[in-house]
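Notes for the one structure printed next.
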Amino acid sequence: MAALQKCVNSSLMGTLASSCLLLLALWVQGGAAVPIGSHCRLNHSDFQQPYITNRTFMLAEEASLADNNTDVRLIGDKLFHGVNAGERCYLMKEVLNFTLEEVLLPQSHRFQPYMQEVVPFLAKLSNRLSQCRIESDDQHIQRNVQMLKDTVKKLGENGEIKAIGELSLLFIALRNACI
């Protein structure tokens, strides 16, 4: 009987230890039930900073006033076509990187003082997502991103202005996909 009781106690201790480790892992991740080591996540607090949120939306508003093409939408349903919910953060990482490298940096002299405050914020988010990968083939995502890039390039400087004018949409899409 003592041997049976000792065996049950050891089994309970093992279960308790496993449960504690699981709870600790979830707590470290902010309670989200995502695989440990997932790099396709941003902190909720990144999107709860009123000052930078305001500056991002002000930059987008100022640029949208200079955007004379109201027929084209860069960040919308078409961008997410064929991309499942689990892949959307990766998609938005790719869009963010393009926007930073090909749009915001070349246009950094415009829309001051907002640009000088928003670009470092977006670069910080991009850096946090730098390890974000998906396990499956990403051709469908790359195809959607390439269509966005082609549209911006086709519109030239007006495409860059449009992309800046849609920074508020990018901000919202990043928040929705990555937290």
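Lettering and numbering for the structure tokens are positional, with chains as A, B, ... in the shown order, residues counted from 1 in each chain, and ligands counted from 1 in the shown order.
With only C-alpha atoms taken into account, the protein and nucleic acid residues at most 8 Å from A:Glu160 (excluding it and anything under 6 positions from it in its own chain) are Val103, Leu104, Gln107, Val152 and Lys153 of chain A.
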- Using atom CA of A:Lys162 and atom CA of A:Leu59 as the two end points, give the distance in Å to one decimal. 11.5 Å
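Closest to A:Leu129 among A:Leu155, A:Val83, A:Leu170, A:Leu42 is A:Leu42, based on only C-alpha atoms.
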- Message: Using only C-alpha atoms, which protein or nucleic acid residues come within 6 Å of A:Ser168? Drop anything in the same chain fewer than 3 positions from it, and give the result as a PyMOL selection string.
- Response: chain A and resi 57+60+171
Go ahead and write the residues just picked, C-alpha atoms, as a short mmCIF file (atom, residue, chain, number, x, y, z; two decimals), in the first residue's frame.
data_model
loop_
_atom_site.label_atom_id
_atom_site.label_comp_id
_atom_site.auth_asym_id
_atom_site.auth_seq_id
_atom_site.Cartn_x
_atom_site.Cartn_y
_atom_site.Cartn_z
CA PHE A 57 -2.80 58.59 -38.23
CA ALA A 60 -1.59 59.09 -43.07
CA PHE A 171 -1.27 50.11 -38.49
#
- Using only C-alpha atoms, pick whichever of A:Glu102, A:Arg175, A:Asn68, A:Glu157 has the shortest atom-to-atom distance to A:Leu125. A:Arg175
Contacts of A:Ser45 within 12 Å, only C-alpha atoms, excl. fewer than 4 positions in-chain, as an mmCIF file with all heavy atoms, in the first residue's frame:
data_model
loop_
_atom_site.group_PDB
_atom_site.id
_atom_site.type_symbol
_atom_site.label_atom_id
_atom_site.label_comp_id
_atom_site.auth_asym_id
_atom_site.auth_seq_id
_atom_site.Cartn_x
_atom_site.Cartn_y
_atom_site.Cartn_z
ATOM 1 N N GLY A 30 1.961 36.321 -22.367
ATOM 2 C CA GLY A 30 0.818 37.215 -22.198
ATOM 3 C C GLY A 30 -0.499 36.478 -22.213
ATOM 4 O O GLY A 30 -1.525 37.059 -22.513
ATOM 5 N N ARG A 41 4.484 37.672 -33.645
ATOM 6 C CA ARG A 41 3.649 38.328 -32.645
ATOM 7 C C ARG A 41 4.258 39.668 -32.284
ATOM 8 O O ARG A 41 5.465 39.826 -32.214
ATOM 9 C CB ARG A 41 3.543 37.502 -31.358
ATOM 10 C CG ARG A 41 2.733 36.258 -31.500
ATOM 11 C CD ARG A 41 1.238 36.574 -31.375
ATOM 12 N NE ARG A 41 0.472 35.550 -32.039
ATOM 13 C CZ ARG A 41 -0.415 35.782 -33.003
ATOM 14 N NH1 ARG A 41 -0.678 36.982 -33.405
ATOM 15 N NH2 ARG A 41 -1.076 34.807 -33.560
ATOM 16 N N GLN A 49 -0.141 53.108 -27.479
ATOM 17 C CA GLN A 49 0.577 54.349 -27.196
ATOM 18 C C GLN A 49 -0.122 55.486 -27.935
ATOM 19 O O GLN A 49 0.056 55.641 -29.140
ATOM 20 C CB GLN A 49 2.022 54.236 -27.657
ATOM 21 C CG GLN A 49 2.788 53.093 -27.015
ATOM 22 C CD GLN A 49 4.153 52.912 -27.650
ATOM 23 O OE1 GLN A 49 4.764 53.857 -28.109
ATOM 24 N NE2 GLN A 49 4.617 51.670 -27.679
ATOM 25 N N PRO A 50 -0.922 56.277 -27.224
ATOM 26 C CA PRO A 50 -1.712 57.314 -27.896
ATOM 27 C C PRO A 50 -0.890 58.282 -28.741
ATOM 28 O O PRO A 50 -1.312 58.662 -29.831
ATOM 29 C CB PRO A 50 -2.405 58.045 -26.746
ATOM 30 C CG PRO A 50 -2.394 57.087 -25.614
ATOM 31 C CD PRO A 50 -1.179 56.237 -25.786
ATOM 32 N N ILE A 52 2.079 57.919 -30.439
ATOM 33 C CA ILE A 52 2.556 57.395 -31.719
ATOM 34 C C ILE A 52 1.389 56.976 -32.604
ATOM 35 O O ILE A 52 1.451 57.104 -33.829
ATOM 36 C CB ILE A 52 3.606 56.277 -31.544
ATOM 37 C CG1 ILE A 52 4.398 56.067 -32.843
ATOM 38 C CG2 ILE A 52 2.966 54.982 -31.091
ATOM 39 C CD1 ILE A 52 5.233 57.251 -33.263
ATOM 40 N N THR A 53 0.312 56.508 -31.997
ATOM 41 C CA THR A 53 -0.883 56.191 -32.773
ATOM 42 C C THR A 53 -1.406 57.450 -33.452
ATOM 43 O O THR A 53 -1.695 57.457 -34.652
ATOM 44 C CB THR A 53 -1.972 55.573 -31.871
ATOM 45 O OG1 THR A 53 -1.460 54.381 -31.274
ATOM 46 C CG2 THR A 53 -3.232 55.246 -32.662
ATOM 47 N N LEU A 125 8.842 47.863 -35.003
ATOM 48 C CA LEU A 125 7.920 46.750 -35.223
ATOM 49 C C LEU A 125 8.499 45.766 -36.238
ATOM 50 O O LEU A 125 8.418 44.548 -36.049
ATOM 51 C CB LEU A 125 6.558 47.255 -35.693
ATOM 52 C CG LEU A 125 5.770 48.141 -34.732
ATOM 53 C CD1 LEU A 125 4.426 48.511 -35.352
ATOM 54 C CD2 LEU A 125 5.590 47.491 -33.377
ATOM 55 N N ARG A 175 -1.935 45.426 -36.244
ATOM 56 C CA ARG A 175 -2.491 45.158 -34.912
ATOM 57 C C ARG A 175 -3.419 43.939 -34.951
ATOM 58 O O ARG A 175 -3.298 43.037 -34.131
ATOM 59 C CB ARG A 175 -3.256 46.388 -34.405
ATOM 60 C CG ARG A 175 -3.826 46.191 -32.985
ATOM 61 C CD ARG A 175 -4.736 47.303 -32.585
ATOM 62 N NE ARG A 175 -5.914 47.247 -33.450
ATOM 63 C CZ ARG A 175 -6.676 48.288 -33.740
ATOM 64 N NH1 ARG A 175 -6.414 49.463 -33.260
ATOM 65 N NH2 ARG A 175 -7.726 48.147 -34.518
ATOM 66 N N CYS A 178 -1.212 40.639 -35.804
ATOM 67 C CA CYS A 178 -0.009 40.256 -35.061
ATOM 68 C C CYS A 178 -0.110 40.291 -33.541
ATOM 69 O O CYS A 178 0.853 39.953 -32.865
ATOM 70 C CB CYS A 178 1.161 41.139 -35.499
ATOM 71 S SG CYS A 178 1.590 40.936 -37.248
ATOM 72 N N ILE A 179 -1.252 40.685 -32.984
ATOM 73 C CA ILE A 179 -1.355 40.602 -31.523
ATOM 74 C C ILE A 179 -2.385 39.562 -31.135
ATOM 75 O O ILE A 179 -3.136 39.082 -31.915
ATOM 76 C CB ILE A 179 -1.676 41.936 -30.824
ATOM 77 C CG1 ILE A 179 -2.990 42.530 -31.285
ATOM 78 C CG2 ILE A 179 -0.549 42.913 -31.043
ATOM 79 C CD1 ILE A 179 -3.417 43.704 -30.432
#
- Taking only C-alpha atoms into account, which of A:Phe98, A:Val72, A:Lys93, A:Gly156 comes nearest A:Asn127? A:Lys93
- Message: Using only C-alpha atoms, can you tell me which of A:Ala85, A:Leu74, A:Leu91, A:Cys40 comes closest to A:Asp138?
- Response: A:Leu91
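Straight-line separation from atom CA of A:Asp150 to atom CA of A:Pro106: 16.7 Å.
When the distance limit is 9 Å and only C-alpha atoms are what count, the residues near stretch 116-119 of chain A, minus those fewer than 4 positions from it on the same chain, are Ile52, Thr53, Arg55, Thr56, Leu59, Leu100, Leu104, Leu105, Ser108, His109, Phe111, Gln112, Ala123 and Lys124 of chain A.
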- Message: Residues within 9 Å of A:His140, please, as a VMD selection string. Count only C-alpha atoms; anything in the same chain fewer than 4 positions from it doesn't count.
- Response: chain A and resid 81 to 83 144 to 145
Write a file of the just-selected residues containing all heavy atoms, as a compact mmCIF listing (two decimals), in the first residue's frame.
# COMPACT_ATOMS: atom_id res chain seq x y z
N HIS A 81 -6.41 38.07 -49.95
CA HIS A 81 -7.02 36.98 -50.72
C HIS A 81 -6.16 35.72 -50.66
O HIS A 81 -4.98 35.73 -50.99
CB HIS A 81 -7.22 37.42 -52.17
CG HIS A 81 -7.85 36.36 -53.02
ND1 HIS A 81 -9.19 36.03 -52.92
CD2 HIS A 81 -7.33 35.54 -53.95
CE1 HIS A 81 -9.45 35.06 -53.76
NE2 HIS A 81 -8.34 34.74 -54.40
N GLY A 82 -6.76 34.62 -50.21
CA GLY A 82 -6.09 33.32 -50.15
C GLY A 82 -5.12 33.15 -48.99
O GLY A 82 -4.39 32.17 -48.94
N VAL A 83 -5.10 34.10 -48.08
CA VAL A 83 -4.18 34.04 -46.93
C VAL A 83 -5.00 33.72 -45.69
O VAL A 83 -5.91 34.47 -45.34
CB VAL A 83 -3.43 35.38 -46.75
CG1 VAL A 83 -2.50 35.33 -45.54
CG2 VAL A 83 -2.67 35.75 -48.02
N ASN A 144 0.65 38.13 -53.50
CA ASN A 144 -0.17 39.25 -53.06
C ASN A 144 0.68 40.49 -52.77
O ASN A 144 0.31 41.61 -53.13
CB ASN A 144 -0.98 38.88 -51.82
CG ASN A 144 -2.04 37.84 -52.11
OD1 ASN A 144 -2.14 37.30 -53.20
ND2 ASN A 144 -2.85 37.53 -51.11
N VAL A 145 1.82 40.28 -52.12
CA VAL A 145 2.73 41.40 -51.82
C VAL A 145 3.28 41.98 -53.13
O VAL A 145 3.38 43.20 -53.27
CB VAL A 145 3.87 40.96 -50.88
CG1 VAL A 145 4.90 42.06 -50.70
CG2 VAL A 145 3.31 40.54 -49.52
- Please, which residues of stretch 16-144 of chain A, numbered as in this document, come out helix (DSSP H, G or I) from DSSP, as a PyMOL selection string? chain A and resi 16-28+44-47+50-66+77-80+85-104+114-128+139-144
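Between atom CA of A:Ser130 and atom CA of A:Arg73 the separation is 26.0 Å.
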